[in-house]
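Data block for data-v8.pdb (PDB, C-alpha atoms):
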ATOM      1  CA  ASP A 147     -28.946 -19.271   6.215
ATOM      2  CA  MET A 148     -27.135 -17.811   3.168
ATOM      3  CA  ASP A 149     -28.317 -14.971   0.988
ATOM      4  CA  LYS A 150     -29.879 -16.413  -2.171
ATOM      5  CA  TYR A 151     -28.683 -13.475  -4.256
ATOM      6  CA  ASP A 152     -25.067 -14.081  -3.216
ATOM      7  CA  ILE A 153     -25.436 -17.729  -4.159
ATOM      8  CA  ALA A 154     -26.924 -16.785  -7.522
ATOM      9  CA  ALA A 155     -24.171 -14.226  -8.170
ATOM     10  CA  VAL A 156     -21.451 -16.792  -7.516
ATOM     11  CA  PHE A 157     -23.195 -19.590  -9.410
ATOM     12  CA  TYR A 158     -24.201 -17.621 -12.494
ATOM     13  CA  ASP A 159     -21.942 -14.546 -12.667
ATOM     14  CA  TRP A 160     -18.491 -15.939 -11.998
ATOM     15  CA  ASP A 161     -16.840 -16.665 -15.324
ATOM     16  CA  PRO A 162     -15.780 -20.341 -15.596
ATOM     17  CA  ASP A 163     -12.553 -19.499 -17.445
ATOM     18  CA  ALA A 164     -11.578 -16.903 -14.841
ATOM     19  CA  VAL A 165     -12.334 -19.374 -12.058
ATOM     20  CA  ASN A 166     -10.177 -22.041 -13.741
ATOM     21  CA  ARG A 167      -7.321 -19.569 -14.150
ATOM     22  CA  LEU A 168      -7.481 -18.757 -10.446
ATOM     23  CA  LYS A 169      -7.492 -22.451  -9.535
ATOM     24  CA  THR A 170      -4.504 -23.100 -11.789
ATOM     25  CA  LEU A 171      -2.654 -20.116 -10.334
ATOM     26  CA  CYS A 172      -3.173 -21.337  -6.772
ATOM     27  CA  GLU A 173      -2.097 -24.869  -7.706
ATOM     28  CA  LYS A 174       1.023 -23.797  -9.595
ATOM     29  CA  THR A 175       2.240 -21.296  -7.007
ATOM     30  CA  GLN A 176       0.753 -22.796  -3.822
ATOM     31  CA  ALA A 177      -0.898 -19.429  -3.247
ATOM     32  CA  GLU A 178      -3.646 -18.869  -0.716
ATOM     33  CA  ILE A 179      -6.440 -16.312  -0.952
ATOM     34  CA  VAL A 180      -7.074 -13.469   1.481
ATOM     35  CA  ILE A 181     -10.266 -11.615   0.567
ATOM     36  CA  SER A 182     -10.219  -7.818   0.637
ATOM     37  CA  SER A 183     -13.308  -7.115  -1.485
ATOM     38  CA  ASP A 184     -16.668  -5.752  -0.325
ATOM     39  CA  TRP A 185     -17.960  -9.323  -0.032
ATOM     40  CA  ARG A 186     -16.337  -9.522   3.418
ATOM     41  CA  SER A 187     -18.639  -6.704   4.578
ATOM     42  CA  TYR A 188     -21.690  -8.925   4.685
ATOM     43  CA  ASN A 189     -20.249 -12.444   4.839
ATOM     44  CA  PRO A 190     -18.092 -13.958   7.596
ATOM     45  CA  LEU A 191     -15.080 -15.994   6.545
ATOM     46  CA  GLU A 192     -16.926 -19.294   6.826
ATOM     47  CA  GLY A 193     -19.760 -17.896   4.724
ATOM     48  CA  LEU A 194     -17.300 -16.791   2.063
ATOM     49  CA  LYS A 195     -15.729 -20.236   2.042
ATOM     50  CA  ARG A 196     -19.166 -21.768   1.442
ATOM     51  CA  LEU A 197     -19.709 -19.423  -1.509
ATOM     52  CA  PHE A 198     -16.274 -20.194  -2.936
ATOM     53  CA  LYS A 199     -17.036 -23.896  -2.526
ATOM     54  CA  ILE A 200     -19.612 -23.570  -5.316
ATOM     55  CA  HIS A 201     -16.625 -23.396  -7.686
ATOM     56  CA  GLU A 202     -14.319 -25.603  -5.579
ATOM     57  CA  LEU A 203     -12.191 -22.630  -4.548
ATOM     58  CA  ASP A 204     -12.887 -22.809  -0.825
ATOM     59  CA  ARG A 205      -9.726 -24.762   0.033
ATOM     60  CA  TYR A 206      -7.602 -21.805  -1.045
ATOM     61  CA  VAL A 207      -9.442 -19.184   1.044
ATOM     62  CA  ILE A 208      -7.709 -18.661   4.386
ATOM     63  CA  ASP A 209      -8.621 -15.190   5.671
ATOM     64  CA  VAL A 210     -10.048 -11.712   5.088
ATOM     65  CA  THR A 211      -8.471  -8.313   5.614
ATOM     66  CA  GLU A 212      -9.750  -6.302   8.548
ATOM     67  CA  GLN A 213     -12.170  -3.474   7.819
ATOM     68  CA  LEU A 214     -10.646  -0.325   9.307
ATOM     69  CA  PHE A 215     -12.933   2.669   9.705
ATOM     70  CA  GLY A 216     -11.820   5.667   7.686
ATOM     71  CA  TYR A 217      -9.218   3.773   5.659
ATOM     72  CA  GLN A 218      -9.373   2.549   2.091
ATOM     73  CA  ARG A 219      -8.707  -0.922   0.752
ATOM     74  CA  ASP A 220      -5.048  -0.420  -0.137
ATOM     75  CA  TYR A 221      -4.216   0.511   3.478
ATOM     76  CA  GLU A 222      -6.236  -2.430   4.841
ATOM     77  CA  ILE A 223      -4.199  -4.800   2.653
ATOM     78  CA  GLU A 224      -0.967  -3.238   3.867
ATOM     79  CA  ASP A 225      -2.136  -3.492   7.472
ATOM     80  CA  TYR A 226      -2.703  -7.212   6.923
ATOM     81  CA  LEU A 227       0.793  -7.632   5.457
ATOM     82  CA  ILE A 228       2.383  -5.813   8.396
ATOM     83  CA  LYS A 229       0.561  -8.135  10.793
ATOM     84  CA  HIS A 230       1.660 -11.182   8.786
ATOM     85  CA  PRO A 231       5.379 -10.644   8.079
ATOM     86  CA  ASP A 232       5.701 -14.295   7.022
ATOM     87  CA  ILE A 233       4.029 -13.303   3.735
ATOM     88  CA  ARG A 234       7.012 -12.453   1.553
ATOM     89  CA  VAL A 235       5.589 -12.978  -1.947
ATOM     90  CA  PHE A 236       2.104 -11.728  -2.765
ATOM     91  CA  ALA A 237      -0.094 -10.321  -5.523
ATOM     92  CA  VAL A 238      -3.030  -7.947  -5.182
ATOM     93  CA  PHE A 239      -6.005  -8.325  -7.550
ATOM     94  CA  ASP A 240      -8.703  -5.692  -8.047
ATOM     95  CA  ASP A 241     -10.942  -4.265 -10.759
ATOM     96  CA  ALA A 242     -11.019  -0.780  -9.192
ATOM     97  CA  TYR A 243      -8.900   1.564  -7.027
ATOM     98  CA  TYR A 244      -6.193   1.538  -9.685
ATOM     99  CA  ASP A 245      -4.377   4.700  -8.554
ATOM    100  CA  GLU A 246      -4.379   3.693  -4.880
ATOM    101  CA  LEU A 247      -3.353   0.052  -5.278
ATOM    102  CA  ASN A 248      -0.873   0.634  -8.089
ATOM    103  CA  GLY A 249       0.627   3.535  -6.123
ATOM    104  CA  ARG A 250       1.132   1.430  -3.002
ATOM    105  CA  PHE A 251       1.935  -1.927  -4.629
ATOM    106  CA  PRO A 252       3.386  -1.143  -8.083
ATOM    107  CA  GLU A 253       5.272  -4.454  -8.263
ATOM    108  CA  GLN A 254       2.418  -6.625  -6.953
ATOM    109  CA  PHE A 255      -0.797  -5.100  -8.302
ATOM    110  CA  VAL A 256      -2.731  -6.981 -10.998
ATOM    111  CA  TYR A 257      -5.430  -4.746 -12.454
ATOM    112  CA  CYS A 258      -8.363  -6.869 -13.628
ATOM    113  CA  ARG A 259     -10.152  -4.184 -15.592
ATOM    114  CA  ARG A 260     -13.075  -6.381 -16.556
ATOM    115  CA  ILE A 261     -12.253  -9.971 -15.669
ATOM    116  CA  PHE A 262      -9.370 -12.186 -14.525
ATOM    117  CA  ASP A 263      -8.254 -12.858 -18.097
ATOM    118  CA  ASP A 264      -5.141 -14.569 -19.424
ATOM    119  CA  SER A 265      -2.981 -11.430 -19.308
ATOM    120  CA  CYS A 266      -3.906 -10.982 -15.633
ATOM    121  CA  TYR A 267      -3.127 -14.638 -15.039
ATOM    122  CA  GLN A 268       0.290 -14.390 -16.700
ATOM    123  CA  LYS A 269       1.222 -11.292 -14.711
ATOM    124  CA  ALA A 270       0.068 -12.870 -11.444
ATOM    125  CA  LEU A 271       2.020 -16.022 -12.271
ATOM    126  CA  ARG A 272       5.224 -14.023 -12.822
ATOM    127  CA  ILE A 273       4.740 -12.216  -9.512
ATOM    128  CA  LEU A 274       3.974 -15.310  -7.455
ATOM    129  CA  GLN A 275       6.710 -17.472  -8.984
ATOM    130  CA  GLN A 276       9.418 -15.065  -7.887
ATOM    131  CA  ASN A 277      11.767 -16.367  -5.262
ATOM    132  CA  PRO A 278      11.181 -14.868  -1.819
ATOM    133  CA  PRO A 279      13.519 -11.915  -1.306
ATOM    134  CA  GLU A 280      16.683 -12.735   0.557
ATOM    135  CA  ASN A 281      17.125 -11.329   4.023
ATOM    136  CA  THR A 282      18.658  -8.150   2.679
ATOM    137  CA  VAL A 283      17.676  -4.607   3.577
ATOM    138  CA  PRO A 284      15.220  -3.219   0.981
ATOM    139  CA  GLU A 285      16.453  -0.236  -0.999
ATOM    140  CA  PRO A 286      14.022   2.313   0.558
ATOM    141  CA  VAL A 287      15.033   1.168   4.054
ATOM    142  CA  GLN A 288      18.708   1.461   3.156
ATOM    143  CA  MET A 289      18.055   4.945   1.769
ATOM    144  CA  LEU A 290      16.471   6.030   5.049
ATOM    145  CA  GLU A 291      19.294   4.534   7.096
ATOM    146  CA  ASN A 292      21.921   6.236   4.907
ATOM    147  CA  ILE A 293      20.213   9.584   5.472
ATOM    148  CA  ALA A 294      20.220   8.912   9.220
ATOM    149  CA  ASP A 295      23.958   8.123   8.998
ATOM    150  CA  ASN A 296      24.490  11.378   7.072
ATOM    151  CA  SER A 297      26.123   9.502   4.232
ATOM    152  CA  PRO A 298      27.571  11.924   1.653
ATOM    153  CA  ALA A 299      26.637   9.434  -1.080
ATOM    154  CA  VAL A 300      22.929  10.215  -0.655
ATOM    155  CA  THR A 301      21.935  13.563  -2.109
ATOM    156  CA  LYS A 302      18.505  12.567  -3.407
ATOM    157  CA  ALA A 303      15.773  10.656  -1.580
ATOM    158  CA  GLN A 304      12.260   9.755  -2.654
ATOM    159  CA  PHE A 305       9.727   8.589  -0.110
ATOM    160  CA  SER A 306       6.602   8.095  -2.184
ATOM    161  CA  LEU A 307       3.719   5.847  -1.178
ATOM    162  CA  ASP A 308       5.316   2.620  -2.404
ATOM    163  CA  ASN A 309       8.629   3.296  -0.640
ATOM    164  CA  ILE A 310       6.845   4.278   2.571
ATOM    165  CA  SER A 311       4.905   1.018   2.374
ATOM    166  CA  VAL A 312       8.097  -1.041   1.992
ATOM    167  CA  ILE A 313       9.622   0.713   5.018
ATOM    168  CA  ARG A 314       6.513   0.212   7.147
ATOM    169  CA  ARG A 315       6.398  -3.479   6.305
ATOM    170  CA  TYR A 316      10.110  -3.887   7.007
ATOM    171  CA  TYR A 317       9.914  -2.289  10.452
ATOM    172  CA  GLN A 318       6.341  -3.532  11.049
ATOM    173  CA  CYS A 319       5.503  -0.025  12.185
ATOM    174  CA  GLY A 320       2.760   2.551  11.891
ATOM    175  CA  THR A 321       2.978   5.736   9.873
ATOM    176  CA  ASP A 322       3.769   7.877  12.925
ATOM    177  CA  GLU A 323       6.842   5.730  13.557
ATOM    178  CA  PHE A 324       7.917   6.108   9.929
ATOM    179  CA  ILE A 325       7.571   9.898  10.192
ATOM    180  CA  ARG A 326       9.585   9.891  13.424
ATOM    181  CA  ARG A 327      12.407   7.955  11.749
ATOM    182  CA  LEU A 328      12.279  10.165   8.663
ATOM    183  CA  CYS A 329      12.293  13.440  10.584
ATOM    184  CA  SER A 330      15.101  12.311  12.854
ATOM    185  CA  ALA A 331      17.180  11.438   9.779
ATOM    186  CA  VAL A 332      16.374  14.532   7.698
ATOM    187  CA  GLY A 333      16.662  17.029  10.549
ATOM    188  CA  GLU A 334      20.349  16.367  11.112
ATOM    189  CA  ASN A 335      21.383  15.565   7.546
ATOM    190  CA  THR A 336      23.814  17.884   5.747
ATOM    191  CA  HIS A 337      24.099  16.199   2.332
ATOM    192  CA  ILE A 338      20.649  15.530   0.962
ATOM    193  CA  LYS A 339      19.604  18.076  -1.686
ATOM    194  CA  ASN A 340      16.452  16.613  -3.228
ATOM    195  CA  LEU A 341      13.751  15.291  -0.923
ATOM    196  CA  THR A 342      10.356  13.836  -1.873
ATOM    197  CA  VAL A 343       7.790  12.912   0.756
ATOM    198  CA  SER A 344       4.476  12.137  -0.941
ATOM    199  CA  GLY A 345       1.437   9.973  -0.314
ATOM    200  CA  LEU A 346       1.579  10.182   3.471
ATOM    201  CA  ALA A 347      -2.102  11.064   3.728
ATOM    202  CA  ARG A 348      -3.145   7.667   2.373
ATOM    203  CA  ASN A 349      -1.766   6.105   5.548
ATOM    204  CA  TYR A 350      -4.222   7.986   7.755
ATOM    205  CA  PRO A 351      -8.012   7.829   8.156
ATOM    206  CA  TYR A 352     -10.127  10.640   6.765
ATOM    207  CA  LYS A 353     -10.442  12.527  10.068
ATOM    208  CA  GLU A 354      -6.674  12.589  10.549
ATOM    209  CA  ARG A 355      -6.220  13.848   7.004
ATOM    210  CA  GLU A 356      -8.574  16.710   7.777
ATOM    211  CA  LYS A 357      -6.620  17.678  10.885
ATOM    212  CA  ASN A 358      -3.298  17.580   9.003
ATOM    213  CA  THR A 359      -1.345  17.342  12.257
ATOM    214  CA  PHE A 360       0.819  14.506  10.938
ATOM    215  CA  VAL A 361       2.863  16.924   8.798
ATOM    216  CA  ALA A 362       3.952  19.112  11.739
ATOM    217  CA  PRO A 363       7.045  16.958  12.535
ATOM    218  CA  ILE A 364       8.122  17.312   8.897
ATOM    219  CA  TRP A 365       8.002  21.107   9.158
ATOM    220  CA  ASP A 366      10.184  20.893  12.275
ATOM    221  CA  ALA A 367      12.686  18.588  10.549
ATOM    222  CA  LEU A 368      12.927  20.969   7.594
ATOM    223  CA  SER A 369      13.594  23.909   9.918
ATOM    224  CA  ARG A 370      16.594  22.009  11.341
ATOM    225  CA  ASN A 371      17.885  20.738   8.007
ATOM    226  CA  SER A 372      20.583  22.753   6.235
ATOM    227  CA  SER A 373      20.928  21.002   2.871
ATOM    228  CA  VAL A 374      17.577  20.384   1.142
ATOM    229  CA  THR A 375      17.056  22.752  -1.785
ATOM    230  CA  CYS A 376      14.465  20.826  -3.854
ATOM    231  CA  LEU A 377      11.380  19.707  -1.956
ATOM    232  CA  ASP A 378       8.407  17.680  -3.213
ATOM    233  CA  LEU A 379       5.452  17.399  -0.818
ATOM    234  CA  SER A 380       2.807  16.220  -3.283
ATOM    235  CA  LYS A 381      -0.233  14.074  -2.464
ATOM    236  CA  ASN A 382      -0.247  14.750   1.274
ATOM    237  CA  SER A 383      -3.692  16.380   1.653
ATOM    238  CA  VAL A 384      -1.977  19.477   3.070
ATOM    239  CA  LYS A 385      -4.497  22.279   3.533
ATOM    240  CA  ASP A 386      -2.502  24.765   5.609
ATOM    241  CA  ILE A 387       1.136  25.605   4.811
ATOM    242  CA  SER A 388       1.622  28.293   7.435
ATOM    243  CA  GLY A 389       3.779  25.870   9.465
ATOM    244  CA  LEU A 390       5.832  25.073   6.377
ATOM    245  CA  ILE A 391       6.362  28.775   5.646
ATOM    246  CA  SER A 392       7.498  29.391   9.226
ATOM    247  CA  ALA A 393       9.942  26.475   8.973
ATOM    248  CA  LEU A 394      11.371  27.678   5.665
ATOM    249  CA  ASN A 395      11.826  31.188   7.023
ATOM    250  CA  THR A 396      14.115  29.887   9.780
ATOM    251  CA  ARG A 397      16.436  27.987   7.428
ATOM    252  CA  ASN A 398      19.840  29.233   6.329
ATOM    253  CA  CYS A 399      19.513  27.210   3.128
ATOM    254  CA  PRO A 400      16.759  28.520   0.834
ATOM    255  CA  LEU A 401      14.734  26.275  -1.436
ATOM    256  CA  GLU A 402      15.211  26.357  -5.192
ATOM    257  CA  SER A 403      12.042  24.389  -5.945
ATOM    258  CA  LEU A 404       8.919  23.389  -4.047
ATOM    259  CA  SER A 405       6.114  21.140  -5.274
ATOM    260  CA  LEU A 406       2.764  21.116  -3.512
ATOM    261  CA  ARG A 407       0.729  19.501  -6.283
ATOM    262  CA  ASP A 408      -2.266  17.283  -5.503
ATOM    263  CA  ASN A 409      -2.827  18.708  -2.040
ATOM    264  CA  GLY A 410      -5.896  20.429  -0.601
ATOM    265  CA  LEU A 411      -4.739  24.031  -0.604
ATOM    266  CA  SER A 412      -7.487  26.620  -0.787
TER     267      SER A 412
END

Can I see the file as structure tokens?
Amino acid sequence: DMDKYDIAAVFYDWDPDAVNRLKTLCEKTQAEIVISSDWRSYNPLEGLKRLFKIHELDRYVIDVTEQLFGYQRDYEIEDYLIKHPDIRVFAVFDDAYYDELNGRFPEQFVYCRRIFDDSCYQKALRILQQNPPENTVPEPVQMLENIADNSPAVTKAQFSLDNISVIRRYYQCGTDEFIRRLCSAVGENTHIKNLTVSGLARNYPYKEREKNTFVAPIWDALSRNSSVTCLDLSKNSVKDISGLISALNTRNCPLESLSLRDNGLS
């Protein structure tokens, strides 16, 4: 009942050295495999295990990431991690989507440009042999909490895609909840001067990105804030800045710099 072309692809196309490296990696680090590739689109988990069994890899395969309509692979991997908080050490392998996966998982992404070669193996080994992080508050989470506490020590904050991802995994929350926490903190803060909020759009499906409604709470927070003078809103798929202009016009503290690069402004 299996597709003969899938069987042929696994049997003939999978490089024996790459397969052996993956086996060795799983044995040395006790890692398990969660499949996020397109193969899950047309094979159920049990079917994938049968294919992996051709190279005796099936015992390491435990699950697949959920396919979420309108989202890309990097978000689907993050969604899986949020739903499985027991996963504390992980590596992400892919031969594509470099910007997206490296942007979201800069410390965990292993880019296999052509094949899972020795350099990929060595990098993956270093990642997976790290000790699980202690139960301390991650730096991006601490930064957000310090802003909420109006700590005078925090004058610069950067919430790029990787930091947002760490915060979402820590709180096991959706992007709307992250924005709520961020806006509540920034709106009342009187010390922060430099603020970066970038990459938010990658946490929403395509239709939501088109609507752009998720940035409205940020405009409101900026209108209430009285300290930010340098603002970076890059990579947010913003198409209409009329709400931002209205918010800036109500502030007593003018901006000195504003970055809107890599958005969708007409």

Target residues per the PyMOL selection byres ((chain A and resi 349) around 9), formatted as a ChimeraX atom specification:
/A:217,221,307,311,320-321,345-348,350-351

Starting from the displayed file, determine the output of the PyMOL selection byres ((chain A and resi 336) around 8) and express the residue list as a ChimeraX atom specification.
/A:296,334-335,337-338,371-373

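Applied to this file, the PyMOL selection byres ((chain A and resi 390) around 10) selects Val361, Ala362, Ile364, Trp365, Asp366, Leu368, Ser369, Asp386, Ile387, Ser388, Gly389, Ile391, Ser392, Ala393, Leu394 and Asn395 of chain A.
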
Counting all atoms listed in the file, closest pick from A:Ser383, A:Lys150, A:Lys339, A:Asn166 relative to Ala299 in chain A is A:Lys339

Pick from A:Ala177, A:Ala155, A:Ile223, A:Val238: nearest to Ile200 in chain A, with all atoms listed in the file counted?
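Closest to Ile200 in chain A, using all atoms listed in the file: A:Ala155.
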
Using all atoms listed in the file for the distances, tell me which of A:Lys195, A:Arg326, A:Arg259, A:His201 is nearest to Tyr158 in chain A.
A:His201

Using all atoms listed in the file, find the one residue out of A:Glu323, A:Leu377, A:Ile261, A:Ile310 that sits nearest to Pro162 in chain A.
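Nearest candidate to Pro162 in chain A out of A:Glu323, A:Leu377, A:Ile261, A:Ile310: A:Ile261.
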
Quick one: residues within 6 Å of range 280-291 of chain A, all atoms listed in the file, excluding same-chain residues fewer than 3 positions away - as a PyMOL selection string?
chain A and resi 294+309+313

Let me see the file: selected residues, C-alpha atoms, as a PDB file, in the coordinates of the input.
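Written out: selection00.pdb:
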ATOM      1  CA  ALA A 294      20.220   8.912   9.220  1.00  0.00           C
ATOM      2  CA  ASN A 309       8.629   3.296  -0.640  1.00  0.00           C
ATOM      3  CA  ILE A 313       9.622   0.713   5.018  1.00  0.00           C
TER       4      ILE A 313
END

Selected residue, from A:Pro279, A:Gly193, A:Gly249, A:Gly333, that lies nearest to Arg234 in chain A when counting all atoms listed in the file:
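Closest to Arg234 in chain A of all the choices is A:Pro279.
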
Need to verify the contact set: Thr375 in chain A, 9 Å, all atoms listed in the file, exclusion of same-chain residues closer than 6 positions in sequence. Can you return it as a ChimeraX atom specification?
/A:338-341,399-404

Interatomic distance between CA of Phe262 in chain A and CA of Thr211 in chain A?
20.5 Å

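What separates CA of Tyr188 in chain A from CA of Tyr206 in chain A is a distance of 19.9 Å.
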
Between CA of Thr175 in chain A and CA of Asp240 in chain A, distance in Å (one decimal):
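Going from CA of Thr175 in chain A over to CA of Asp240 in chain A, I get 19.1 Å.
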
Step by step: start from the point (-9.4, -24.1, -6.8) in the file's coordinates, keep every protein, DNA or RNA residue that has an atom no farther than 8 Å from it, count all atoms listed in the file, and write the set as a ChimeraX atom specification.
/A:165-166,168-170,172-173,201-206

Find the residues around Ser183 in chain A up to 12 Å (only C-alpha atoms counted), leave out those fewer than 4 positions away in its own chain, and share them as a list of chain:residue names.
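Here the answer would be A:Ile179, A:Ser187, A:Tyr188, A:Asn189, A:Leu194, A:Asp209, A:Val210, A:Thr211, A:Glu212, A:Gln213, A:Gln218, A:Arg219, A:Asp220, A:Glu222, A:Ile223, A:Val238, A:Phe239, A:Asp240, A:Asp241, A:Ala242, A:Tyr243.
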
A:Arg355, A:Arg397, A:Lys381, A:Lys199 ranked by distance to Asn409 in chain A, top pick (using all atoms listed in the file):
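The answer is A:Lys381, which sits nearest to Asn409 in chain A.
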